[in-house]
>>> print(open('my_file-v7.tsv').read())   # TSV, C-alpha atoms
chain	number	residue	atom	x	y	z
A	1161	MET	CA	71.77	-71.48	-180.97
A	1162	ASN	CA	68.99	-71.43	-178.41
A	1163	ARG	CA	65.83	-72.68	-180.11
A	1164	ALA	CA	63.71	-71.35	-177.22
A	1165	VAL	CA	63.46	-67.98	-178.97
A	1166	PRO	CA	61.23	-69.14	-181.85
A	1167	LEU	CA	59.06	-70.99	-179.33
A	1168	THR	CA	58.46	-67.84	-177.33
A	1169	LEU	CA	57.69	-65.98	-180.53
A	1170	LEU	CA	54.85	-68.44	-181.05
A	1171	SER	CA	53.66	-67.78	-177.50
A	1172	PRO	CA	54.47	-64.12	-176.87
A	1173	TRP	CA	53.05	-64.08	-173.33
A	1174	LEU	CA	55.64	-66.59	-172.11
A	1175	PRO	CA	58.67	-65.10	-170.33
A	1176	THR	CA	62.05	-65.25	-172.05
A	1177	ALA	CA	65.10	-65.49	-169.82
A	1178	PRO	CA	68.39	-64.21	-171.23
A	1179	CYS	CA	70.11	-67.16	-169.55
A	1180	THR	CA	71.34	-69.84	-171.96
A	1181	PRO	CA	74.05	-72.51	-171.74
A	1182	GLY	CA	75.97	-70.71	-174.49
A	1183	ARG	CA	76.32	-67.65	-172.26
A	1184	ARG	CA	77.84	-69.75	-169.45
A	1185	CYS	CA	74.75	-69.34	-167.29
A	1186	ALA	CA	74.64	-73.13	-167.11
A	1187	ALA	CA	78.20	-74.40	-167.20
A	1188	HIS	CA	80.88	-75.73	-164.94
A	1189	PRO	CA	81.54	-72.66	-162.81
A	1190	ASP	CA	84.72	-70.68	-162.81
A	1191	ALA	CA	85.69	-70.61	-159.15
A	1192	ALA	CA	87.79	-67.50	-159.71
A	1193	ALA	CA	84.72	-65.58	-160.87
A	1194	ASP	CA	82.71	-66.63	-157.80
A	1195	THR	CA	85.37	-66.22	-155.15
A	1196	GLY	CA	87.22	-63.25	-156.58
A	1197	SER	CA	90.49	-65.14	-156.37
A	1198	ALA	CA	92.55	-64.91	-159.52
A	1199	SER	CA	94.43	-68.09	-158.60
A	1200	ALA	CA	91.38	-70.21	-157.92
A	1201	ALA	CA	90.44	-72.76	-160.54
A	1202	PHE	CA	87.53	-75.11	-160.91
A	1203	ARG	CA	88.45	-78.74	-160.19
A	1204	PRO	CA	85.55	-81.06	-160.97
A	1205	ALA	CA	84.91	-84.04	-158.72
A	1206	PRO	CA	86.54	-87.27	-159.92
A	1207	ALA	CA	84.40	-89.23	-162.35
A	1208	PRO	CA	83.97	-92.23	-159.99
A	1209	LEU	CA	82.67	-89.95	-157.24
A	1210	ALA	CA	80.36	-88.16	-159.68
A	1211	CYS	CA	79.02	-91.50	-160.93
A	1212	ALA	CA	78.40	-92.63	-157.36
A	1213	ARG	CA	76.49	-89.41	-156.61
A	1214	LEU	CA	74.44	-89.75	-159.78
A	1215	ALA	CA	73.55	-93.36	-158.99
A	1216	ALA	CA	72.68	-92.49	-155.38
A	1217	GLY	CA	70.52	-89.56	-156.45
A	1218	LEU	CA	68.59	-91.53	-159.06
A	1219	ALA	CA	68.14	-94.45	-156.66
A	1220	THR	CA	66.71	-92.09	-154.04
A	1221	VAL	CA	64.30	-90.64	-156.58
A	1222	LEU	CA	63.18	-94.15	-157.58
A	1223	LEU	CA	62.73	-95.05	-153.93
A	1224	GLY	CA	60.28	-92.19	-153.67
A	1225	VAL	CA	58.31	-93.56	-156.64
A	1226	VAL	CA	58.09	-96.96	-154.95
A	1227	LEU	CA	57.17	-95.70	-151.48
A	1228	LEU	CA	54.81	-92.88	-152.41
A	1229	PRO	CA	51.71	-95.08	-152.93
A	1230	ALA	CA	52.29	-96.70	-149.54
A	1231	ALA	CA	52.27	-93.26	-147.90
A	1232	GLY	CA	48.76	-92.55	-149.20
A	1233	PRO	CA	46.86	-93.91	-146.16
A	1234	LEU	CA	48.95	-91.88	-143.72
A	1235	PRO	CA	47.60	-88.67	-142.14
A	1236	ALA	CA	48.50	-85.47	-143.96
A	1237	ALA	CA	51.09	-84.52	-141.35
A	1238	GLY	CA	52.78	-87.91	-141.74
A	1239	ARG	CA	52.86	-87.65	-145.54
A	1240	LEU	CA	54.38	-84.17	-145.40
A	1241	ALA	CA	57.03	-85.36	-142.94
A	1242	LEU	CA	57.97	-88.22	-145.28
A	1243	VAL	CA	58.10	-85.90	-148.28
A	1244	ARG	CA	60.39	-83.56	-146.35
A	1245	LEU	CA	62.75	-86.39	-145.39
A	1246	TRP	CA	62.76	-87.84	-148.91
A	1247	ALA	CA	63.43	-84.46	-150.55
A	1248	ARG	CA	66.34	-83.81	-148.20
A	1249	ALA	CA	67.72	-87.25	-149.03
A	1250	VAL	CA	67.46	-86.55	-152.79
A	1251	VAL	CA	69.34	-83.25	-152.52
A	1252	ARG	CA	72.10	-84.73	-150.38
A	1253	ALA	CA	72.40	-87.86	-152.53
A	1254	PHE	CA	73.26	-85.66	-155.53
A	1255	GLY	CA	76.06	-84.13	-153.46
A	1256	VAL	CA	74.37	-80.78	-152.79
A	1257	ARG	CA	74.64	-79.14	-149.40
A	1258	PHE	CA	71.90	-76.81	-148.31
A	1259	VAL	CA	71.21	-74.38	-145.53
A	1260	VAL	CA	67.90	-72.87	-144.45
A	1261	THR	CA	67.51	-69.38	-143.03
A	1262	GLY	CA	64.40	-67.65	-141.77
A	1263	ALA	CA	61.48	-68.83	-139.67
A	1264	ARG	CA	59.25	-71.60	-140.97
A	1265	PRO	CA	55.51	-70.76	-140.93
A	1266	PRO	CA	53.16	-72.73	-138.65
A	1267	ALA	CA	52.34	-76.24	-139.84
A	1268	ARG	CA	49.15	-76.80	-141.87
A	1269	ARG	CA	48.66	-73.09	-142.47
A	1270	PRO	CA	47.21	-72.47	-145.93
A	1271	GLU	CA	49.69	-70.51	-147.98
A	1272	LEU	CA	50.92	-69.96	-151.49
A	1273	VAL	CA	54.69	-70.46	-151.53
A	1274	VAL	CA	56.44	-68.58	-154.34
A	1275	ALA	CA	60.14	-68.83	-155.17
A	1276	ASN	CA	62.62	-67.75	-157.80
A	1277	HIS	CA	63.44	-70.44	-160.34
A	1278	VAL	CA	67.00	-71.49	-161.20
A	1279	SER	CA	67.07	-75.27	-161.50
A	1280	TRP	CA	65.21	-78.56	-161.23
A	1281	LEU	CA	66.90	-78.68	-157.81
A	1282	ASP	CA	64.52	-75.92	-156.67
A	1283	ILE	CA	61.69	-78.45	-156.46
A	1284	PRO	CA	63.23	-80.89	-153.94
A	1285	LEU	CA	64.81	-77.98	-152.06
A	1286	VAL	CA	61.46	-76.28	-151.42
A	1287	ALA	CA	59.84	-79.64	-150.66
A	1288	ALA	CA	62.58	-80.32	-148.10
A	1289	VAL	CA	61.62	-77.17	-146.22
A	1290	LEU	CA	57.97	-76.39	-147.06
A	1291	PRO	CA	56.40	-79.54	-148.54
A	1292	GLY	CA	53.12	-79.20	-150.38
A	1293	ARG	CA	51.57	-79.49	-153.82
A	1294	MET	CA	53.73	-78.17	-156.63
A	1295	ILE	CA	52.77	-76.30	-159.79
A	1296	ALA	CA	54.87	-77.33	-162.78
A	1297	LYS	CA	54.81	-76.88	-166.54
A	1298	ARG	CA	53.08	-79.60	-168.52
A	1299	GLU	CA	56.38	-80.80	-170.02
A	1300	VAL	CA	57.56	-82.05	-166.62
A	1301	ARG	CA	54.88	-84.78	-166.77
A	1302	GLY	CA	56.82	-86.36	-169.65
A	1303	TRP	CA	60.18	-86.46	-167.86
A	1304	PRO	CA	61.40	-90.00	-167.14
A	1305	VAL	CA	60.86	-91.04	-163.52
A	1306	LEU	CA	60.62	-87.45	-162.25
A	1307	GLY	CA	57.41	-86.87	-164.21
A	1308	LEU	CA	55.77	-89.95	-162.72
A	1309	LEU	CA	56.90	-88.95	-159.25
A	1310	ALA	CA	55.52	-85.45	-159.72
A	1311	ALA	CA	52.16	-86.82	-160.86
A	1312	LEU	CA	51.94	-89.25	-157.94
A	1313	GLY	CA	52.80	-86.40	-155.58
A	1314	GLY	CA	49.76	-84.38	-156.67
A	1315	THR	CA	51.59	-81.83	-158.83
A	1316	LEU	CA	49.31	-79.42	-160.67
A	1317	PHE	CA	50.52	-79.31	-164.28
A	1318	ILE	CA	49.96	-76.06	-166.14
A	1319	ASP	CA	49.79	-75.72	-169.91
A	1320	ARG	CA	51.71	-72.51	-170.53
A	1321	ASP	CA	50.42	-72.32	-174.10
A	1322	GLY	CA	46.79	-72.98	-173.19
A	1323	LEU	CA	45.53	-69.71	-171.77
A	1324	ARG	CA	41.96	-70.97	-171.64
A	1325	ARG	CA	43.00	-73.66	-169.18
A	1326	LEU	CA	44.68	-71.24	-166.81
A	1327	PRO	CA	41.51	-70.21	-164.91
A	1328	GLY	CA	40.88	-73.90	-164.23
A	1329	THR	CA	44.38	-74.24	-162.78
A	1330	VAL	CA	43.78	-71.18	-160.62
A	1331	ARG	CA	40.58	-72.78	-159.32
A	1332	GLU	CA	42.48	-75.99	-158.49
A	1333	VAL	CA	45.09	-74.00	-156.58
A	1334	ALA	CA	42.38	-72.08	-154.76
A	1335	ALA	CA	40.64	-75.35	-153.81
A	1336	ALA	CA	43.89	-76.74	-152.39
A	1337	LEU	CA	44.45	-73.56	-150.38
A	1338	ALA	CA	40.85	-73.48	-149.16
A	1339	ALA	CA	41.30	-77.03	-147.86
A	1340	GLY	CA	44.11	-75.79	-145.64
A	1341	GLY	CA	46.96	-76.99	-147.83
A	1342	ARG	CA	50.17	-75.49	-149.12
A	1343	VAL	CA	50.87	-74.92	-152.81
A	1344	THR	CA	54.24	-73.98	-154.32
A	1345	ALA	CA	54.66	-72.03	-157.54
A	1346	PHE	CA	57.54	-70.51	-159.48
A	1347	PRO	CA	55.85	-67.38	-160.86
A	1348	GLU	CA	58.79	-66.26	-163.02
A	1349	GLY	CA	57.45	-68.81	-165.48
A	1350	SER	CA	60.91	-69.94	-166.57
A	1351	THR	CA	64.27	-70.79	-165.08
A	1352	TRP	CA	66.86	-68.05	-164.70
A	1353	CYS	CA	70.56	-68.40	-164.09
A	1354	GLY	CA	70.43	-67.03	-160.53
A	1355	ARG	CA	72.37	-63.86	-161.24
A	1356	ALA	CA	69.17	-62.21	-162.51
A	1357	GLY	CA	65.47	-62.89	-162.11
A	1358	GLY	CA	62.28	-62.47	-164.06
A	1359	ARG	CA	59.02	-60.70	-163.44
A	1360	PHE	CA	56.54	-62.55	-161.26
A	1361	ARG	CA	53.46	-63.37	-163.33
A	1362	PRO	CA	50.33	-62.42	-161.35
A	1363	ALA	CA	47.82	-65.02	-162.57
A	1364	LEU	CA	48.33	-67.68	-159.88
A	1365	PHE	CA	48.31	-65.08	-157.12
A	1366	GLN	CA	44.57	-64.81	-157.76
A	1367	ALA	CA	44.14	-68.10	-155.87
A	1368	ALA	CA	45.56	-66.45	-152.74
A	1369	VAL	CA	43.24	-63.46	-153.23
A	1370	ASP	CA	40.20	-65.68	-153.66
A	1371	THR	CA	40.92	-67.70	-150.51
A	1372	GLY	CA	42.48	-65.01	-148.33
A	1373	SER	CA	45.68	-67.04	-148.03
A	1374	ASP	CA	49.04	-65.53	-147.23
A	1375	VAL	CA	51.86	-65.60	-149.76
A	1376	GLN	CA	55.12	-67.07	-148.49
A	1377	PRO	CA	58.10	-65.85	-150.57
A	1378	VAL	CA	61.26	-67.96	-150.71
A	1379	ARG	CA	64.65	-67.06	-152.16
A	1380	ILE	CA	66.96	-69.80	-153.50
A	1381	ASP	CA	70.66	-69.14	-154.12
A	1382	TYR	CA	73.39	-71.49	-155.31
A	1383	ARG	CA	77.13	-71.26	-154.79
A	1384	PRO	CA	79.13	-71.47	-156.93
A	1385	HIS	CA	77.06	-69.93	-159.72
A	1386	GLY	CA	76.46	-71.80	-162.94
A	1387	ALA	CA	76.48	-75.44	-161.93
A	1388	ALA	CA	72.86	-75.65	-160.77
A	1389	GLY	CA	71.40	-73.55	-163.58
A	1390	TYR	CA	68.99	-75.46	-165.80
A	1391	VAL	CA	68.06	-73.07	-168.59
A	1392	GLY	CA	67.32	-72.80	-172.28
A	1393	GLU	CA	68.11	-75.97	-174.22
A	1394	ASP	CA	70.12	-77.47	-171.38
A	1395	ALA	CA	69.47	-81.22	-171.32
A	1396	LEU	CA	68.39	-82.79	-168.03
A	1397	GLY	CA	71.16	-85.39	-168.27
A	1398	ALA	CA	73.79	-82.69	-168.80
A	1399	SER	CA	72.43	-80.74	-165.84
A	1400	LEU	CA	72.53	-83.82	-163.59
A	1401	TRP	CA	76.13	-84.54	-164.57
A	1402	ARG	CA	77.14	-80.92	-164.00
A	1403	VAL	CA	75.62	-80.97	-160.51
A	1404	VAL	CA	77.29	-84.19	-159.38
A	1405	ARG	CA	80.70	-83.07	-160.73
A	1406	THR	CA	80.68	-79.71	-158.93
A	1407	PRO	CA	82.49	-79.90	-155.59
A	1408	GLY	CA	81.03	-77.94	-152.71
A	1409	LEU	CA	77.79	-77.05	-154.48
A	1410	THR	CA	75.67	-75.36	-151.82
A	1411	ALA	CA	72.08	-74.16	-151.92
A	1412	GLU	CA	70.65	-71.58	-149.54
A	1413	VAL	CA	66.90	-71.48	-148.99
A	1414	ARG	CA	65.79	-68.22	-147.42
A	1415	ILE	CA	62.30	-68.13	-145.94
A	1416	LEU	CA	61.22	-64.51	-146.11
A	1417	ASP	CA	58.47	-62.66	-144.27
A	1418	PRO	CA	54.97	-63.71	-145.36
A	1419	ILE	CA	52.89	-61.26	-147.37
A	1420	SER	CA	49.31	-60.63	-146.28
A	1421	VAL	CA	46.56	-60.58	-148.88
A	1422	ILE	CA	44.78	-58.05	-146.68
A	1423	GLN	CA	47.52	-55.50	-147.35
A	1424	HIS	CA	47.73	-56.43	-151.05
A	1425	PRO	CA	44.15	-57.29	-152.12
A	1426	ASP	CA	44.91	-57.72	-155.80
A	1427	ARG	CA	46.93	-60.34	-157.66
A	1428	ARG	CA	49.14	-57.73	-159.32
A	1429	LEU	CA	49.97	-56.09	-156.00
A	1430	LEU	CA	50.72	-59.49	-154.46
A	1431	ALA	CA	52.97	-60.41	-157.37
A	1432	ALA	CA	54.84	-57.10	-157.19
A	1433	ALA	CA	55.32	-57.41	-153.41
A	1434	ALA	CA	56.54	-61.01	-153.69
A	1435	GLN	CA	58.92	-60.12	-156.51
A	1436	GLN	CA	60.39	-57.28	-154.49
A	1437	ALA	CA	60.86	-59.60	-151.50
A	1438	VAL	CA	62.58	-62.35	-153.50
A	1439	HIS	CA	64.60	-59.99	-155.70
A	1440	PRO	CA	65.38	-57.07	-153.36
A	1441	THR	CA	66.62	-54.78	-156.07
A	1442	PRO	CA	65.05	-51.56	-157.34
A	1443	VAL	CA	61.85	-52.50	-159.14
A	1444	PRO	CA	61.58	-50.99	-162.64
A	1445	ARG	CA	59.57	-47.80	-162.48
A	1446	GLN	CA	56.77	-49.21	-164.59
A	1447	ALA	CA	56.26	-52.40	-162.54
A	1448	VAL	CA	54.50	-51.18	-159.41
A	1449	PRO	CA	52.74	-48.13	-160.88
A	1450	ASN	CA	51.21	-50.34	-163.56
A	1451	ALA	CA	49.92	-52.63	-160.86
A	1452	TYR	CA	48.35	-49.78	-158.95
A	1453	ARG	CA	46.89	-48.30	-162.11
A	1454	ALA	CA	45.38	-51.68	-162.95
A	1455	VAL	CA	43.85	-51.91	-159.48
A	1456	ALA	CA	42.43	-48.42	-159.76
A	1457	SER	CA	41.01	-49.23	-163.18
A	1458	ASP	CA	39.46	-52.48	-161.98
A	1459	SER	CA	38.04	-50.99	-158.81
A	1460	ALA	CA	36.40	-48.21	-160.77
A	1461	ASN	CA	34.35	-50.81	-162.66
A	1462	ARG	CA	33.89	-53.66	-160.20
A	1463	PRO	CA	34.29	-54.19	-156.44
A	1464	PHE	CA	36.34	-57.38	-156.73
A	1465	SER	CA	38.60	-58.77	-159.43
A	1466	SER	CA	38.61	-62.55	-159.84
A	1467	VAL	CA	39.20	-65.12	-162.54
A	1468	HIS	CA	35.99	-66.77	-161.37
A	1469	GLN	CA	33.86	-63.67	-161.74
A	1470	ARG	CA	31.07	-63.55	-164.29
A	1471	SER	CA	29.98	-60.37	-165.95
A	1472	ALA	CA	26.39	-59.71	-166.85
A	1473	SER	CA	27.02	-60.07	-170.57
A	1474	LYS	CA	29.76	-62.73	-170.79
A	1475	PRO	CA	29.98	-66.36	-169.66
A	1476	ALA	CA	32.48	-67.41	-166.99
A	1477	SER	CA	34.91	-68.77	-169.57
A	1478	ALA	CA	35.39	-65.29	-170.93
A	1479	SER	CA	37.25	-64.31	-167.76
A	1480	SER	CA	40.28	-66.24	-169.05
A	1481	ALA	CA	41.18	-63.27	-171.21
A	1482	ARG	CA	42.31	-61.34	-168.15
A	1483	THR	CA	44.02	-64.12	-166.25
A	1484	PRO	CA	47.58	-64.10	-167.74
A	1485	SER	CA	48.11	-60.40	-167.21
>>> encode(input="my_file-v7.tsv", output="C-alpha cells")
Amino acid sequence: MNRAVPLTLLSPWLPTAPCTPGRRCAAHPDAAADTGSASAAFRPAPAPLACARLAAGLATVLLGVVLLPAAGPLPAAGRLALVRLWARAVVRAFGVRFVVTGARPPARRPELVVANHVSWLDIPLVAAVLPGRMIAKREVRGWPVLGLLAALGGTLFIDRDGLRRLPGTVREVAAALAAGGRVTAFPEGSTWCGRAGGRFRPALFQAAVDTGSDVQPVRIDYRPHGAAGYVGEDALGASLWRVVRTPGLTAEVRILDPISVIQHPDRRLLAAAAQQAVHPTPVPRQAVPNAYRAVASDSANRPFSSVHQRSASKPASASSARTPS
C-alpha cells in the first residue's frame, strides 16, 4: 500500500500523483507495451554490467562533491560549464543516453526554468543542459551524498508543509533571478510516471513576475516508460538499480519556446501557459478560466499581485495565505 496517501491527507494542498510502484508506473518496463511489438520482451542488463554502471554513477557523484568546493573561486561562466560537464557525466555513467532538442536560451539570461517531474534523473538532466540553482523539497537535503551535493550546489530547499516559509523561498528565487541567474523548479510538486502530468502550482512563478524574468519550459521524456519513474514509496536504491539494469534507457530533453511575463503578468497565467507548453494536451476547462477569473478579481482590488505586497491593515507575513494558490 502506498503510505503517501495519509501524508497528503495531513497536508491537503500537496499534489497527489496517481503513479505508484504497485501500478507499474515505476517498474522494469515491458518492452512490448512501449514498442507495440507482441514478441518483444524486456531483457535486463547483466548484473555485472549493472553493478559497473552503479559504481561508475556513484563515483561520478562523489567526484562532484569533492571538486565542487574547488570550483567556488571560478567565474560564474566557468562554474556553470563545469556543472554542465559533470551532470552529463553522471547521466552517462548510470547508462542513460540523452538527446536535446530545441534552441538553448542565451547564456546568463535570467530565467525561471520549469519542467515536468518524473525521476531524480530530471535534476542532472536539466543541469546538463541549463545549469543553475535548483529548487528541491526539504527531504532531498537528507539524502546520502546527493543531499550534500545539492546543498553545496546552492539548491533552494522548500518545506512543502510549511506554507509560512513559502514567501521567503519565493523571495530567494526572485533575488537569484534579479542577480541575472537561472533557477530551475519542478512546479508539479511531485514526481509523475511520465505518462501523465500534474497541475503546475503557481506560487514560484511569482518570482518571475516580480523580476520580469522569462519562464523557460522544458519537457523531459524517457523511453522505455517505467524504468526512470521515481514515485510514491519507491526507494532511491531500488530506483538506481532499476535504471542501471534497463538497457537502452534514453531521456529526451525538449527546450520549448520561452514564455514572456509581459504577455502573462500573473503567476496563475504563467503557470497555466507553462503547463500547456510542457503537457500539450487539452487543459481542463476549469484550469485557465479560473486563472483569468482570479486575475480579474485581483485586479479589481489591487493594481499588482505579489507575495511581497503589504496591505494597509495586515503585516507582510499575512501575504503567505495567498501564496500556495
>>> atom_distance(input="my_file-v7.tsv", atom1="atom CA of A:Ala1231", atom2="atom CA of A:Leu1272")
23.6 Å
>>> closest_residue(input="my_file-v7.tsv", among="A:Arg1414, A:Arg1301, A:Arg1239, A:Arg1428", to="A:Asp1381", atoms="all atoms listed in the file")
A:Arg1414
>>> atom_distance(input="my_file-v7.tsv", atom1="atom CA of A:Arg1213", atom2="atom CA of A:Asp1282")
18.0 Å
>>> closest_residue(input="my_file-v7.tsv", among="A:Val1369, A:Val1333, A:Val1404, A:Leu1309", to="A:Ala1215", atoms="all atoms listed in the file")
A:Val1404
>>> residues_around(input="my_file-v7.tsv", residues="A:Ile1295", least_positions_apart="2", cutoff="10 Å", atoms="all atoms listed in the file", output="list in words")
Ile1283, Gly1292, Arg1293, Lys1297, Arg1298, Ala1310, Gly1314, Thr1315, Leu1316, Phe1317, Ile1318, Thr1329, Val1333, Val1343, Thr1344, Ala1345, Phe1346, Pro1347 and Leu1364 of chain A
>>> closest_residue(input="my_file-v7.tsv", among="A:Gly1397, A:Pro1206, A:Pro1327, A:Gly1341", to="A:Trp1280", atoms="only C-alpha atoms")
A:Gly1397
>>> atom_distance(input="my_file-v7.tsv", atom1="atom CA of A:Arg1342", atom2="atom CA of A:Gly1217")
25.8 Å
>>> closest_residue(input="my_file-v7.tsv", among="A:Leu1430, A:Val1286, A:Val1256, A:Val1421", to="A:Ala1387", atoms="all atoms listed in the file")
A:Val1256
>>> axis_aligned_box(input="my_file-v7.tsv", around="stretch 1311-1314 of chain A", padding_each_side="8 Å", output="AutoDock Vina command-line options")
--center_x 51.3 --center_y -86.8 --center_z -158.2 --size_x 19.0 --size_y 20.9 --size_z 21.3
>>> build_atoms(input="my_file-v7.tsv", residues="stretch 1364-1373 of chain A", atoms="all heavy atoms", output="CSV table (one decimal), in the coordinates of the input")
chain,number,residue,atom,x,y,z
A,1364,LEU,N,48.6,-66.7,-160.9
A,1364,LEU,CA,48.3,-67.7,-159.9
A,1364,LEU,C,48.1,-67.0,-158.5
A,1364,LEU,O,47.6,-67.7,-157.6
A,1364,LEU,CB,49.5,-68.7,-159.8
A,1364,LEU,CG,49.6,-69.6,-161.0
A,1364,LEU,CD1,50.8,-70.5,-161.0
A,1364,LEU,CD2,48.3,-70.5,-161.1
A,1365,PHE,N,48.5,-65.8,-158.4
A,1365,PHE,CA,48.3,-65.1,-157.1
A,1365,PHE,C,46.8,-64.8,-156.9
A,1365,PHE,O,46.4,-64.6,-155.8
A,1365,PHE,CB,49.1,-63.7,-157.1
A,1365,PHE,CG,50.5,-63.9,-157.0
A,1365,PHE,CD1,51.3,-64.1,-158.1
A,1365,PHE,CD2,51.2,-63.8,-155.7
A,1365,PHE,CE1,52.7,-64.2,-158.0
A,1365,PHE,CE2,52.5,-64.0,-155.6
A,1365,PHE,CZ,53.3,-64.2,-156.7
A,1366,GLN,N,46.0,-65.0,-157.9
A,1366,GLN,CA,44.6,-64.8,-157.8
A,1366,GLN,C,44.0,-65.9,-156.8
A,1366,GLN,O,43.0,-65.6,-156.1
A,1366,GLN,CB,43.9,-64.9,-159.1
A,1366,GLN,CG,42.4,-64.6,-159.1
A,1366,GLN,CD,42.1,-63.2,-158.6
A,1366,GLN,OE1,42.7,-62.3,-159.2
A,1366,GLN,NE2,41.2,-63.0,-157.7
A,1367,ALA,N,44.6,-67.0,-156.8
A,1367,ALA,CA,44.1,-68.1,-155.9
A,1367,ALA,C,44.3,-67.7,-154.4
A,1367,ALA,O,43.4,-68.0,-153.6
A,1367,ALA,CB,44.9,-69.4,-156.1
A,1368,ALA,N,45.4,-67.0,-154.1
A,1368,ALA,CA,45.6,-66.4,-152.7
A,1368,ALA,C,44.5,-65.4,-152.4
A,1368,ALA,O,44.0,-65.3,-151.3
A,1368,ALA,CB,47.0,-65.9,-152.5
A,1369,VAL,N,44.2,-64.5,-153.4
A,1369,VAL,CA,43.2,-63.5,-153.2
A,1369,VAL,C,41.9,-64.1,-153.0
A,1369,VAL,O,41.1,-63.7,-152.1
A,1369,VAL,CB,43.2,-62.5,-154.5
A,1369,VAL,CG1,42.0,-61.5,-154.3
A,1369,VAL,CG2,44.5,-61.8,-154.6
A,1370,ASP,N,41.5,-65.1,-153.8
A,1370,ASP,CA,40.2,-65.7,-153.7
A,1370,ASP,C,40.0,-66.4,-152.3
A,1370,ASP,O,38.8,-66.5,-151.9
A,1370,ASP,CB,40.0,-66.7,-154.8
A,1370,ASP,CG,39.8,-66.0,-156.2
A,1370,ASP,OD1,39.6,-64.8,-156.2
A,1370,ASP,OD2,39.9,-66.7,-157.2
A,1371,THR,N,41.1,-66.9,-151.8
A,1371,THR,CA,40.9,-67.7,-150.5
A,1371,THR,C,41.4,-67.0,-149.3
A,1371,THR,O,41.3,-67.5,-148.2
A,1371,THR,CB,41.7,-69.0,-150.6
A,1371,THR,OG1,43.1,-68.7,-150.9
A,1371,THR,CG2,41.2,-69.9,-151.8
A,1372,GLY,N,42.0,-65.8,-149.5
A,1372,GLY,CA,42.5,-65.0,-148.3
A,1372,GLY,C,43.7,-65.6,-147.7
A,1372,GLY,O,44.0,-65.4,-146.5
A,1373,SER,N,44.5,-66.4,-148.5
A,1373,SER,CA,45.7,-67.0,-148.0
A,1373,SER,C,46.9,-66.1,-148.1
A,1373,SER,O,47.0,-65.3,-149.0
A,1373,SER,CB,46.0,-68.3,-148.8
A,1373,SER,OG,44.9,-69.2,-148.8
